[in-house]
$ cat model.cif   # mmCIF, C-alpha atoms
data_input
#
loop_
_atom_site.label_atom_id
_atom_site.label_comp_id
_atom_site.auth_asym_id
_atom_site.auth_seq_id
_atom_site.Cartn_x
_atom_site.Cartn_y
_atom_site.Cartn_z
CA MET Y 1 1.43 169.17 30.60
CA THR Y 2 3.18 171.21 33.30
CA ALA Y 3 4.31 169.41 36.41
CA ASN Y 4 5.96 170.30 39.63
CA PRO Y 5 8.97 167.96 40.11
CA MET Y 6 7.43 166.86 43.39
CA THR Y 7 4.11 166.02 41.68
CA ALA Y 8 5.91 164.07 38.98
CA LYS Y 9 7.38 161.75 41.63
CA LEU Y 10 4.01 160.98 43.19
CA ARG Y 11 1.19 158.79 42.00
CA GLU Y 12 -2.32 160.12 42.30
CA PRO Y 13 -3.82 158.41 45.36
CA LEU Y 14 -6.82 156.13 44.98
CA GLY Y 15 -8.90 158.41 47.22
CA LEU Y 16 -8.48 161.33 44.80
CA LYS Y 17 -9.25 159.14 41.81
CA ILE Y 18 -12.48 158.04 43.48
CA TYR Y 19 -13.37 161.64 44.36
CA ARG Y 20 -12.84 162.76 40.78
CA ALA Y 21 -14.88 159.89 39.36
CA VAL Y 22 -17.74 160.48 41.78
CA SER Y 23 -17.74 164.23 41.20
CA ARG Y 24 -17.89 163.68 37.43
CA ALA Y 25 -20.95 161.47 37.82
CA ALA Y 26 -22.57 164.00 40.14
CA GLU Y 27 -23.29 166.74 37.57
CA PRO Y 28 -27.09 166.55 38.15
CA VAL Y 29 -26.48 166.98 41.87
CA ALA Y 30 -24.27 170.00 41.19
CA GLY Y 31 -27.01 171.55 39.07
CA PHE Y 32 -29.58 170.94 41.80
CA ALA Y 33 -27.27 172.48 44.40
CA LEU Y 34 -26.82 175.58 42.25
CA GLN Y 35 -30.57 176.01 41.90
CA ARG Y 36 -31.06 175.70 45.65
CA ARG Y 37 -28.35 178.29 46.28
CA LEU Y 38 -29.92 180.57 43.69
CA LYS Y 39 -33.30 180.39 45.43
CA ALA Y 40 -31.59 181.14 48.74
CA GLY Y 41 -29.98 184.28 47.27
CA LYS Y 42 -26.49 182.80 47.43
CA GLU Y 43 -25.87 182.86 43.67
CA ASP Y 44 -25.96 185.60 41.02
CA ALA Y 45 -28.79 184.73 38.60
CA GLU Y 46 -27.27 186.74 35.74
CA ARG Y 47 -23.88 185.05 36.07
CA ILE Y 48 -24.72 181.57 37.31
CA ALA Y 49 -23.28 180.05 34.13
CA GLU Y 50 -19.82 181.04 35.41
CA ARG Y 51 -20.28 178.46 38.18
CA ARG Y 52 -20.36 175.85 35.39
CA GLY Y 53 -17.13 177.17 33.89
CA ILE Y 54 -18.90 179.14 31.15
CA PRO Y 55 -17.24 182.58 30.94
CA SER Y 56 -19.13 185.85 30.66
CA ARG Y 57 -16.39 187.64 28.74
CA THR Y 58 -13.54 186.93 26.34
CA ARG Y 59 -9.99 186.33 27.44
CA PRO Y 60 -7.86 189.48 27.18
CA LYS Y 61 -4.73 189.33 25.06
CA GLY Y 62 -1.38 189.05 26.74
CA PRO Y 63 -0.19 187.39 29.95
CA LEU Y 64 -2.91 186.59 32.47
CA VAL Y 65 -2.47 185.89 36.18
CA TRP Y 66 -5.34 184.08 37.88
CA ILE Y 67 -5.81 184.78 41.61
CA HIS Y 68 -8.41 182.83 43.57
CA GLY Y 69 -9.81 183.57 47.02
CA ALA Y 70 -12.90 182.03 48.57
CA SER Y 71 -14.89 184.98 49.88
CA VAL Y 72 -14.88 188.53 51.25
CA GLY Y 73 -11.87 188.28 53.56
CA GLU Y 74 -9.63 186.87 50.86
CA SER Y 75 -11.01 189.37 48.35
CA LEU Y 76 -9.94 192.31 50.47
CA SER Y 77 -6.41 190.93 50.82
CA VAL Y 78 -6.21 190.36 47.05
CA LEU Y 79 -6.78 194.04 46.21
CA PRO Y 80 -3.39 195.42 47.33
CA LEU Y 81 -1.67 192.33 45.91
CA VAL Y 82 -3.16 192.95 42.46
CA GLU Y 83 -2.24 196.62 42.58
CA ARG Y 84 1.37 195.94 43.62
CA LEU Y 85 1.90 193.10 41.14
CA HIS Y 86 0.59 195.32 38.35
CA GLU Y 87 3.03 198.05 39.33
CA LEU Y 88 5.86 195.52 39.08
CA ARG Y 89 4.56 193.70 35.97
CA PRO Y 90 2.45 196.29 34.09
CA ALA Y 91 1.89 194.08 31.04
CA GLN Y 92 -0.10 191.55 33.08
CA THR Y 93 -3.87 191.33 33.39
CA PHE Y 94 -5.44 189.76 36.48
CA LEU Y 95 -8.40 187.41 36.67
CA VAL Y 96 -9.74 187.30 40.24
CA THR Y 97 -12.18 184.55 41.20
CA THR Y 98 -14.34 184.07 44.28
CA GLY Y 99 -17.41 182.02 45.14
CA THR Y 100 -19.74 184.45 46.90
CA VAL Y 101 -22.09 187.19 45.72
CA THR Y 102 -20.85 189.57 48.42
CA SER Y 103 -17.22 189.26 47.33
CA ALA Y 104 -18.18 189.73 43.68
CA THR Y 105 -19.99 192.97 44.52
CA LEU Y 106 -17.03 194.24 46.52
CA LEU Y 107 -14.51 193.42 43.80
CA ALA Y 108 -16.63 194.99 41.06
CA GLU Y 109 -16.38 198.27 42.94
CA ARG Y 110 -12.72 198.13 43.90
CA LEU Y 111 -10.62 196.16 41.42
CA PRO Y 112 -8.24 198.28 39.31
CA ASP Y 113 -8.74 198.65 35.55
CA ASN Y 114 -6.29 195.87 34.70
CA ALA Y 115 -8.25 193.28 36.70
CA PHE Y 116 -11.69 191.68 36.45
CA HIS Y 117 -13.80 189.21 38.41
CA GLN Y 118 -15.37 185.87 37.55
CA TYR Y 119 -17.10 183.33 39.77
CA ILE Y 120 -15.11 180.18 40.46
CA PRO Y 121 -16.70 177.06 38.90
CA LEU Y 122 -17.97 174.27 41.10
CA ASP Y 123 -15.46 171.45 41.56
CA HIS Y 124 -16.71 169.30 38.71
CA PRO Y 125 -14.11 168.09 36.17
CA ASP Y 126 -15.99 169.42 33.13
CA PHE Y 127 -16.64 172.80 34.77
CA VAL Y 128 -13.06 173.41 35.86
CA ASN Y 129 -11.61 172.19 32.55
CA ALA Y 130 -13.88 174.54 30.61
CA PHE Y 131 -12.83 177.39 32.87
CA ILE Y 132 -9.09 176.76 32.53
CA ASP Y 133 -9.23 176.02 28.80
CA HIS Y 134 -10.92 179.38 28.21
CA TRP Y 135 -8.73 181.56 30.43
CA ARG Y 136 -5.38 179.75 29.90
CA PRO Y 137 -3.66 181.48 32.83
CA ASP Y 138 0.10 181.98 32.73
CA ALA Y 139 0.23 181.78 36.51
CA THR Y 140 -2.21 180.73 39.22
CA VAL Y 141 -2.24 182.02 42.79
CA PHE Y 142 -4.52 180.45 45.41
CA VAL Y 143 -5.15 182.55 48.54
CA GLU Y 144 -5.58 180.79 51.91
CA SER Y 145 -7.26 177.38 51.99
CA GLU Y 146 -9.39 176.40 49.00
CA PHE Y 147 -8.19 172.84 48.34
CA TRP Y 148 -10.66 171.61 45.70
CA PRO Y 149 -9.06 168.56 44.03
CA ASN Y 150 -10.46 168.90 40.50
CA LEU Y 151 -9.67 172.61 40.39
CA ILE Y 152 -6.12 172.27 41.69
CA LEU Y 153 -5.17 169.27 39.56
CA ALA Y 154 -6.65 170.71 36.36
CA ALA Y 155 -4.81 173.96 36.97
CA ARG Y 156 -1.57 172.09 37.62
CA GLN Y 157 -1.82 170.30 34.28
CA LYS Y 158 -2.17 173.48 32.24
CA THR Y 159 -0.56 176.31 34.23
CA PRO Y 160 3.20 177.01 34.13
CA PHE Y 161 3.37 178.33 37.71
CA MET Y 162 1.19 177.77 40.79
CA ALA Y 163 1.47 179.38 44.22
CA LEU Y 164 -0.39 179.10 47.50
CA ILE Y 165 -0.09 182.34 49.43
CA ASN Y 166 -1.37 183.34 52.84
CA GLY Y 167 -1.85 179.61 53.27
CA ARG Y 168 -4.10 178.54 56.10
CA MET Y 169 -4.94 175.13 57.51
CA SER Y 170 -7.26 175.21 60.52
CA PRO Y 171 -6.63 172.71 63.34
CA ARG Y 172 -9.84 170.88 62.43
CA SER Y 173 -8.95 170.66 58.73
CA PHE Y 174 -5.46 169.54 59.71
CA GLU Y 175 -6.88 166.64 61.70
CA ASP Y 176 -9.25 165.75 58.86
CA TRP Y 177 -6.49 165.77 56.25
CA LYS Y 178 -4.20 163.69 58.47
CA ARG Y 179 -6.64 160.84 57.83
CA GLN Y 180 -5.97 161.25 54.09
CA PRO Y 181 -2.22 161.92 54.08
CA ASN Y 182 -1.50 160.75 50.53
CA SER Y 183 -4.30 162.82 49.03
CA ILE Y 184 -3.36 166.10 50.68
CA LYS Y 185 0.34 165.54 49.99
CA PHE Y 186 -0.45 165.02 46.31
CA LEU Y 187 -2.65 168.12 46.16
CA LEU Y 188 -0.10 170.34 47.90
CA SER Y 189 2.66 169.05 45.65
CA SER Y 190 0.91 170.92 42.83
CA PHE Y 191 2.20 174.24 44.17
CA ASP Y 192 5.58 175.55 43.09
CA LEU Y 193 5.55 177.99 46.02
CA MET Y 194 3.77 177.86 49.38
CA LEU Y 195 3.62 180.81 51.77
CA ALA Y 196 1.76 180.53 55.07
CA GLN Y 197 0.11 183.43 56.89
CA ASP Y 198 1.72 182.54 60.23
CA GLN Y 199 4.05 180.03 61.85
CA HIS Y 200 1.31 177.71 63.10
CA ASN Y 201 -0.15 177.34 59.63
CA ALA Y 202 3.32 176.93 58.12
CA GLU Y 203 3.98 174.00 60.46
CA ARG Y 204 0.66 172.33 59.62
CA LEU Y 205 1.18 172.75 55.87
CA GLU Y 206 4.75 171.45 56.12
CA ALA Y 207 3.60 168.40 58.06
CA LEU Y 208 0.99 167.57 55.41
CA SER Y 209 3.06 168.38 52.31
CA GLY Y 210 6.53 167.22 53.30
CA GLN Y 211 7.81 170.46 51.72
CA SER Y 212 9.29 173.66 53.04
CA VAL Y 213 6.68 176.36 53.64
CA GLN Y 214 7.76 179.98 54.11
CA MET Y 215 6.08 182.44 56.47
CA LEU Y 216 6.27 186.07 55.29
CA GLY Y 217 3.36 187.50 57.28
CA ASN Y 218 -0.38 187.73 56.84
CA LEU Y 219 -1.42 189.32 53.53
CA LYS Y 220 -4.53 190.65 55.27
CA ASN Y 221 -2.19 193.08 57.03
CA ALA Y 222 -1.99 194.95 53.75
CA ALA Y 223 -5.70 195.02 52.92
CA PRO Y 224 -7.30 198.48 52.61
CA ALA Y 225 -9.73 199.75 55.21
CA LEU Y 226 -13.31 198.58 54.81
CA PRO Y 227 -15.31 201.05 52.70
CA ALA Y 228 -18.22 203.12 54.00
CA VAL Y 229 -20.71 205.64 52.63
CA ASP Y 230 -20.27 208.93 54.50
CA ALA Y 231 -23.93 209.86 54.13
CA GLU Y 232 -24.98 206.67 55.91
CA ILE Y 233 -22.56 207.34 58.76
CA GLU Y 234 -23.93 210.83 59.25
CA LYS Y 235 -27.52 209.63 59.11
CA LEU Y 236 -26.88 207.04 61.81
CA LYS Y 237 -24.94 209.50 63.94
CA ARG Y 238 -28.01 211.70 64.05
CA GLN Y 239 -30.12 208.76 65.15
CA PHE Y 240 -27.62 207.60 67.78
CA GLY Y 241 -27.17 211.09 69.20
CA ALA Y 242 -24.94 211.23 72.27
CA ARG Y 243 -25.76 207.70 73.40
CA PRO Y 244 -22.78 205.52 74.38
CA CYS Y 245 -22.49 202.59 72.00
CA TRP Y 246 -20.38 199.56 71.23
CA LEU Y 247 -20.30 197.05 68.39
CA ALA Y 248 -20.35 193.24 68.29
CA ALA Y 249 -19.14 192.39 64.78
CA SER Y 250 -19.29 189.20 62.69
CA THR Y 251 -21.18 187.28 65.35
CA HIS Y 252 -22.34 183.68 65.14
CA PRO Y 253 -25.21 181.74 66.73
CA GLY Y 254 -24.76 181.54 70.50
CA GLU Y 255 -22.65 184.67 70.70
CA GLU Y 256 -25.66 186.99 70.49
CA ASP Y 257 -27.00 185.53 73.75
CA ALA Y 258 -23.80 186.54 75.52
CA ILE Y 259 -23.93 190.00 73.91
CA CYS Y 260 -27.53 190.52 75.02
CA GLU Y 261 -26.61 189.48 78.56
CA ALA Y 262 -23.65 191.86 78.53
CA HIS Y 263 -25.96 194.66 77.40
CA LYS Y 264 -28.37 193.93 80.26
CA ILE Y 265 -25.51 194.03 82.77
CA LEU Y 266 -24.19 197.30 81.34
CA SER Y 267 -27.59 198.99 81.10
CA GLY Y 268 -27.71 199.19 84.88
CA GLU Y 269 -24.85 201.70 84.70
CA PHE Y 270 -25.44 203.17 81.21
CA ASP Y 271 -29.21 203.48 80.96
CA ASP Y 272 -29.10 204.89 77.41
CA LEU Y 273 -26.58 202.33 76.10
CA LEU Y 274 -26.91 201.25 72.46
CA THR Y 275 -25.45 197.91 71.41
CA ILE Y 276 -24.90 197.26 67.69
CA ILE Y 277 -24.83 193.64 66.50
CA ALA Y 278 -23.57 192.87 62.98
CA PRO Y 279 -24.14 189.13 62.42
CA ARG Y 280 -21.57 187.42 60.23
CA HIS Y 281 -24.40 186.23 58.00
CA PRO Y 282 -26.92 189.08 57.52
CA GLY Y 283 -29.69 186.62 56.73
CA ARG Y 284 -29.79 185.84 60.46
CA GLY Y 285 -31.19 189.28 61.27
CA ALA Y 286 -34.64 188.00 62.27
CA GLU Y 287 -33.06 185.27 64.39
CA VAL Y 288 -30.94 187.83 66.25
CA ARG Y 289 -33.98 190.08 66.76
CA ASP Y 290 -35.95 187.17 68.23
CA ALA Y 291 -33.09 186.30 70.57
CA ALA Y 292 -33.03 189.91 71.79
CA ARG Y 293 -36.77 189.90 72.38
CA GLU Y 294 -36.48 186.74 74.45
CA LYS Y 295 -34.04 188.67 76.67
CA GLY Y 296 -36.57 191.49 77.02
CA LEU Y 297 -34.66 193.87 74.75
CA CYS Y 298 -36.00 196.14 72.03
CA ALA Y 299 -34.22 195.61 68.70
CA ALA Y 300 -34.32 197.48 65.38
CA ARG Y 301 -33.20 195.92 62.09
CA ARG Y 302 -31.28 197.89 59.48
CA SER Y 303 -32.40 195.61 56.66
CA GLU Y 304 -35.99 196.71 57.38
CA ASN Y 305 -35.05 200.41 57.53
CA GLN Y 306 -36.06 200.63 61.18
CA ASP Y 307 -34.76 203.78 62.88
CA VAL Y 308 -32.99 203.87 66.22
CA THR Y 309 -35.29 205.47 68.79
CA ASN Y 310 -34.94 206.16 72.51
CA GLU Y 311 -36.50 202.73 73.16
CA THR Y 312 -34.00 200.83 70.99
CA ASP Y 313 -31.58 198.68 72.99
CA LEU Y 314 -30.00 196.77 70.11
CA TYR Y 315 -29.46 197.86 66.52
CA ILE Y 316 -29.05 194.85 64.22
CA ALA Y 317 -26.79 195.68 61.27
CA ASP Y 318 -28.08 192.88 59.03
CA THR Y 319 -27.03 194.26 55.64
CA LEU Y 320 -24.23 193.33 53.27
CA GLY Y 321 -21.04 195.32 52.86
CA GLU Y 322 -21.64 197.87 55.61
CA LEU Y 323 -19.34 196.66 58.37
CA GLY Y 324 -17.04 199.59 57.60
CA VAL Y 325 -19.89 201.94 58.51
CA PHE Y 326 -20.32 200.44 61.95
CA TYR Y 327 -16.61 200.20 62.76
CA ARG Y 328 -16.52 203.94 62.11
CA LEU Y 329 -19.48 204.56 64.41
CA SER Y 330 -18.07 202.75 67.43
CA ASP Y 331 -14.55 202.84 68.82
CA ILE Y 332 -15.20 199.67 70.85
CA ALA Y 333 -15.67 196.38 69.00
CA PHE Y 334 -16.01 192.77 70.02
CA VAL Y 335 -14.94 190.61 67.04
CA GLY Y 336 -17.09 187.51 66.76
CA GLY Y 337 -16.49 183.90 65.89
CA SER Y 338 -14.25 183.85 68.95
CA LEU Y 339 -16.57 183.05 71.86
CA ASN Y 340 -17.46 179.83 70.07
CA PRO Y 341 -14.94 177.66 68.21
CA LYS Y 342 -15.15 179.32 64.79
CA GLY Y 343 -11.58 180.56 65.03
CA GLY Y 344 -12.27 184.29 65.16
CA HIS Y 345 -12.58 186.88 62.40
CA ASN Y 346 -10.11 189.44 61.12
CA PRO Y 347 -9.09 191.95 63.85
CA LEU Y 348 -7.20 194.06 61.32
CA GLU Y 349 -10.46 195.44 59.94
CA PRO Y 350 -11.44 197.28 63.16
CA ALA Y 351 -7.79 198.05 63.94
CA ARG Y 352 -7.40 200.07 60.73
CA LEU Y 353 -10.39 202.17 61.70
CA GLY Y 354 -9.21 203.17 65.18
CA THR Y 355 -11.20 200.70 67.26
CA ALA Y 356 -10.34 199.11 70.59
CA ILE Y 357 -10.71 195.35 70.12
CA LEU Y 358 -12.21 192.66 72.34
CA HIS Y 359 -12.27 188.98 71.43
CA GLY Y 360 -13.01 185.53 72.81
CA PRO Y 361 -10.59 182.63 73.36
CA HIS Y 362 -11.09 180.90 69.98
CA THR Y 363 -8.81 182.78 67.57
CA PHE Y 364 -6.94 180.05 65.70
CA ASN Y 365 -7.67 181.70 62.32
CA PHE Y 366 -5.60 184.74 63.39
CA VAL Y 367 -3.73 183.48 66.42
CA GLU Y 368 -0.49 185.42 65.86
CA THR Y 369 -2.32 188.61 64.83
CA TYR Y 370 -4.40 188.62 67.99
CA ALA Y 371 -1.37 187.77 70.11
CA SER Y 372 0.66 190.65 68.67
CA MET Y 373 -2.22 193.07 69.24
CA ARG Y 374 -2.62 191.97 72.85
CA MET Y 375 1.11 192.33 73.35
CA VAL Y 376 1.01 196.04 72.45
CA GLY Y 377 -2.26 196.66 74.26
CA GLY Y 378 -4.53 196.96 71.24
CA ALA Y 379 -6.80 194.02 72.07
CA ALA Y 380 -8.15 192.26 75.17
CA LEU Y 381 -9.33 188.70 75.72
CA ILE Y 382 -12.72 187.99 77.27
CA ARG Y 383 -14.21 184.56 77.98
CA ASN Y 384 -17.90 185.11 78.73
CA GLU Y 385 -20.65 187.70 78.97
CA ARG Y 386 -19.54 188.98 82.39
CA GLU Y 387 -15.97 189.55 81.25
CA LEU Y 388 -17.33 191.17 78.09
CA ALA Y 389 -19.50 193.52 80.14
CA THR Y 390 -16.58 194.37 82.42
CA ALA Y 391 -14.30 195.17 79.48
CA VAL Y 392 -16.91 197.29 77.68
CA ARG Y 393 -17.73 199.13 80.93
CA ARG Y 394 -14.08 200.07 81.41
CA LEU Y 395 -13.70 201.30 77.86
CA LEU Y 396 -16.93 203.29 77.89
CA ALA Y 397 -15.96 204.97 81.16
CA ASP Y 398 -12.29 205.64 80.39
CA GLY Y 399 -11.70 207.58 77.19
CA LYS Y 400 -7.90 207.60 77.62
CA THR Y 401 -7.71 203.81 77.88
CA ARG Y 402 -10.08 203.46 74.93
CA ALA Y 403 -7.97 205.79 72.77
CA ALA Y 404 -4.72 204.10 73.83
CA MET Y 405 -6.08 200.67 72.85
CA ALA Y 406 -7.38 201.95 69.53
CA ASN Y 407 -4.06 203.64 68.70
CA ALA Y 408 -2.10 200.53 69.63
CA ALA Y 409 -4.35 198.36 67.45
CA SER Y 410 -3.97 200.75 64.52
CA ALA Y 411 -0.19 200.86 64.87
CA ALA Y 412 0.00 197.07 65.02
CA ALA Y 413 -2.10 196.76 61.87
CA GLU Y 414 0.08 199.16 59.92
CA SER Y 415 3.53 198.17 61.20
CA ASN Y 416 4.01 195.10 59.03
CA ALA Y 417 1.66 195.90 56.15
CA GLU Y 418 4.21 197.24 53.68
CA LYS Y 419 6.89 194.67 54.50
CA THR Y 420 4.43 191.77 54.19
CA LEU Y 421 3.14 192.93 50.82
CA ALA Y 422 6.63 193.61 49.44
CA ASP Y 423 8.00 190.24 50.63
CA ILE Y 424 5.08 188.24 49.20
CA CYS Y 425 5.29 190.00 45.82
CA GLU Y 426 9.03 189.41 45.67
CA ALA Y 427 8.59 185.72 46.49
CA ILE Y 428 6.03 185.33 43.70
CA LEU Y 429 7.89 187.31 41.05
CA THR Y 430 11.24 185.69 41.81
CA ARG Y 431 9.73 182.32 40.91
CA LEU Y 432 7.47 183.58 38.13
CA PRO Y 433 9.23 183.81 34.77
CA GLU Y 434 8.47 186.53 32.26
CA THR Y 435 5.65 184.60 30.61
CA THR Y 436 5.04 184.26 26.92
CA PRO Y 437 1.77 186.10 26.26
CA HIS Y 438 -1.21 184.06 25.15
CA VAL Y 439 -2.84 185.59 22.11
#
$ encode --input "model.cif" --output "structure tokens"
Amino acid sequence: MTANPMTAKLREPLGLKIYRAVSRAAEPVAGFALQRRLKAGKEDAERIAERRGIPSRTRPKGPLVWIHGASVGESLSVLPLVERLHELRPAQTFLVTTGTVTSATLLAERLPDNAFHQYIPLDHPDFVNAFIDHWRPDATVFVESEFWPNLILAARQKTPFMALINGRMSPRSFEDWKRQPNSIKFLLSSFDLMLAQDQHNAERLEALSGQSVQMLGNLKNAAPALPAVDAEIEKLKRQFGARPCWLAASTHPGEEDAICEAHKILSGEFDDLLTIIAPRHPGRGAEVRDAAREKGLCAARRSENQDVTNETDLYIADTLGELGVFYRLSDIAFVGGSLNPKGGHNPLEPARLGTAILHGPHTFNFVETYASMRMVGGAALIRNERELATAVRRLLADGKTRAAMANAASAAAESNAEKTLADICEAILTRLPETTPHV
């Protein structure tokens, strides 16, 4: 058994023991949950066994590094990390795990040859033990904030080195974990190295772990630009014509109402305005369309192959993996999850594609990133539909201001990308010994 010296000094709290016992007894519930997710299109039918820890391929020979990220955002930040670590340790192979179908599709297209994807097993003791016993990783790297007790503790028992990088602890999760201080301290003690994505998260992780947590920058700074199919961009450009347009990206329930109201305000000045809404969860396309209709607006849905016509007010981009298309079609973007308390989504994605950025007041997921972009003039804060309409009006009417904001956002996104990636790789490899290959 491998143990962090800190872990060895601590006794497993009763709360974690109870959780592990209950989760072991809940295997029928886990199976039922998987079937429900499968019916809802949230699981991959051909690979659902992976969610039970049953692999779909053999373990490659030689040293294996396991990197886990929850979903699409973490997946994108993992790509440059895998590429750089392979450059520095070419003998290593990389197992990358996520829990969503969208992230699996993205990684299948973009992972380098020395890396492959598997779905992360559900947090059941038998599932995670089967997973770890098969893959026998020489090192484990968790990205951001997946603190599943069975997974972490099983990995700690059988993995020589564990790191948490780009660590994130939302204010809400911080308050929740403060009510279980012994449990979270024990879980975090499993990590030999902890790196936070910003100072606020470093402070929260330090308070919960009682350990030093470094802050080397946000790994998402180094993620590649979102992909896009050129033919789809050109097709949509022909449909949009010369109409002024703007994008509301990664929106959540409640935000679309404000976007529709902003469109109605703006349409008095821009009578041919086209507003694009890309809901965070594409399955909400019909819901967004209905909300637009209630506001008296005509909406077309991309998932139903509906064209943009002269009568279209809103174009609903309710498909998977195409956000890069729409960031390239509009140089003005409101980034959602920020008008309501979701914490905001990644502003680096539009910044890399030359987009002026607007956002709401709730940005705790990327607080320092948004602050740095505002400081250089690449992003602007809005608080409601009227402020949103005012900001969009200014940017539509003033091409110089729009270009200046977009350039500032792009420069801010690129300025720390290389340094962040280099520093994080150095921190990992300094602590990671040259492992003895598993055969």
$ closest_residue --input "model.cif" --among "Y:Gly324, Y:Ala258, Y:Ala356, Y:Ala412" --to "Glu387 in chain Y" --atoms "all atoms listed in the file"
Y:Ala258
$ atom_distance --input "model.cif" --atom1 "CA of Ala104 in chain Y" --atom2 "CA of His117 in chain Y"
6.9 Å
$ resolve_selection --input "model.cif" --expression "the PyMOL selection byres ((chain Y and resi 248) around 8)" --output "PyMOL selection string"
chain Y and resi 246-247+249-251+259+275-278+333-336
$ residues_around --input "model.cif" --residues "range 199-211 of chain Y" --least-positions-apart "4" --cutoff "6 Å" --atoms "only C-alpha atoms" --output "PyMOL selection string"
chain Y and resi 168-169+185+188
$ residues_around --input "model.cif" --residues "Pro90 in chain Y" --least-positions-apart "2" --cutoff "12 Å" --atoms "all atoms listed in the file" --output "list in words"
Gly62, Pro63, Leu64, Val65, Val82, Glu83, Arg84, Leu85, His86, Glu87, Leu88, Gln92, Thr93, Phe94, Asp113, Asn114, Ala115 and Glu434 of chain Y
$ write_last_selection --input "model.cif" --atoms "C-alpha atoms" --output "PDB file, in the coordinates of the input"
ATOM      1  CA  GLY Y  62      -1.380 189.050  26.740  1.00  0.00           C
ATOM      2  CA  PRO Y  63      -0.190 187.390  29.950  1.00  0.00           C
ATOM      3  CA  LEU Y  64      -2.910 186.590  32.470  1.00  0.00           C
ATOM      4  CA  VAL Y  65      -2.470 185.890  36.180  1.00  0.00           C
ATOM      5  CA  VAL Y  82      -3.160 192.950  42.460  1.00  0.00           C
ATOM      6  CA  GLU Y  83      -2.240 196.620  42.580  1.00  0.00           C
ATOM      7  CA  ARG Y  84       1.370 195.940  43.620  1.00  0.00           C
ATOM      8  CA  LEU Y  85       1.900 193.100  41.140  1.00  0.00           C
ATOM      9  CA  HIS Y  86       0.590 195.320  38.350  1.00  0.00           C
ATOM     10  CA  GLU Y  87       3.030 198.050  39.330  1.00  0.00           C
ATOM     11  CA  LEU Y  88       5.860 195.520  39.080  1.00  0.00           C
ATOM     12  CA  GLN Y  92      -0.100 191.550  33.080  1.00  0.00           C
ATOM     13  CA  THR Y  93      -3.870 191.330  33.390  1.00  0.00           C
ATOM     14  CA  PHE Y  94      -5.440 189.760  36.480  1.00  0.00           C
ATOM     15  CA  ASP Y 113      -8.740 198.650  35.550  1.00  0.00           C
ATOM     16  CA  ASN Y 114      -6.290 195.870  34.700  1.00  0.00           C
ATOM     17  CA  ALA Y 115      -8.250 193.280  36.700  1.00  0.00           C
ATOM     18  CA  GLU Y 434       8.470 186.530  32.260  1.00  0.00           C
TER      19      GLU Y 434
END
$ residues_near_point --input "model.cif" --point "(-9.3, 188.6, 64.4)" --cutoff "8 Å" --atoms "all atoms listed in the file" --output "list in words"
Val335, Gly344, His345, Asn346, Pro347, Leu348, His359, Thr363, Asn365, Phe366, Val367, Thr369 and Tyr370 of chain Y
$ resolve_selection --input "model.cif" --expression "the PyMOL selection byres ((chain Y and resi 121) around 10)" --output "CSV table (one decimal) with C-alpha atoms, in the frame of the given file"
chain,number,residue,atom,x,y,z
Y,48,ILE,CA,-24.7,181.6,37.3
Y,49,ALA,CA,-23.3,180.0,34.1
Y,50,GLU,CA,-19.8,181.0,35.4
Y,51,ARG,CA,-20.3,178.5,38.2
Y,52,ARG,CA,-20.4,175.8,35.4
Y,53,GLY,CA,-17.1,177.2,33.9
Y,54,ILE,CA,-18.9,179.1,31.2
Y,55,PRO,CA,-17.2,182.6,30.9
Y,97,THR,CA,-12.2,184.6,41.2
Y,98,THR,CA,-14.3,184.1,44.3
Y,99,GLY,CA,-17.4,182.0,45.1
Y,118,GLN,CA,-15.4,185.9,37.6
Y,119,TYR,CA,-17.1,183.3,39.8
Y,120,ILE,CA,-15.1,180.2,40.5
Y,122,LEU,CA,-18.0,174.3,41.1
Y,123,ASP,CA,-15.5,171.4,41.6
Y,124,HIS,CA,-16.7,169.3,38.7
Y,125,PRO,CA,-14.1,168.1,36.2
Y,126,ASP,CA,-16.0,169.4,33.1
Y,127,PHE,CA,-16.6,172.8,34.8
Y,128,VAL,CA,-13.1,173.4,35.9
Y,129,ASN,CA,-11.6,172.2,32.6
Y,130,ALA,CA,-13.9,174.5,30.6
Y,131,PHE,CA,-12.8,177.4,32.9
Y,132,ILE,CA,-9.1,176.8,32.5
Y,151,LEU,CA,-9.7,172.6,40.4
$ closest_atom_pairs --input "model.cif" --of "range 33-150 of chain Y" --to "range 220-241 of chain Y" --cutoff "8 Å" --atoms "only C-alpha atoms" --output "tab-separated table"
residue	atom	partner	partner_atom	distance
Y:Gly73	CA	Y:Lys220	CA	7.9
Y:Glu74	CA	Y:Lys220	CA	7.7
Y:Leu76	CA	Y:Ala223	CA	5.6
Y:Ser77	CA	Y:Ala223	CA	4.7
Y:Val78	CA	Y:Ala223	CA	7.5
Y:Leu79	CA	Y:Ala223	CA	6.9
Y:Pro80	CA	Y:Ala223	CA	6.1
$ write_last_selection --input "model.cif" --atoms "C-alpha atoms" --output "short mmCIF file (atom, residue, chain, number, x, y, z; two decimals), in the coordinates of the input"
data_model
loop_
_atom_site.label_atom_id
_atom_site.label_comp_id
_atom_site.auth_asym_id
_atom_site.auth_seq_id
_atom_site.Cartn_x
_atom_site.Cartn_y
_atom_site.Cartn_z
CA GLY Y 73 -11.87 188.28 53.56
CA GLU Y 74 -9.63 186.87 50.86
CA LEU Y 76 -9.94 192.31 50.47
CA SER Y 77 -6.41 190.93 50.82
CA VAL Y 78 -6.21 190.36 47.05
CA LEU Y 79 -6.78 194.04 46.21
CA PRO Y 80 -3.39 195.42 47.33
#
$ residues_around --input "model.cif" --residues "Leu339 in chain Y" --least-positions-apart "2" --cutoff "9 Å" --atoms "all atoms listed in the file" --output "list in words"
His252, Gly254, Glu255, Ala258, Gly336, Gly337, Pro341, Lys342, Gly343, Gly344, His359, Gly360, Pro361, His362, Thr363, Ile382, Arg383 and Asn384 of chain Y
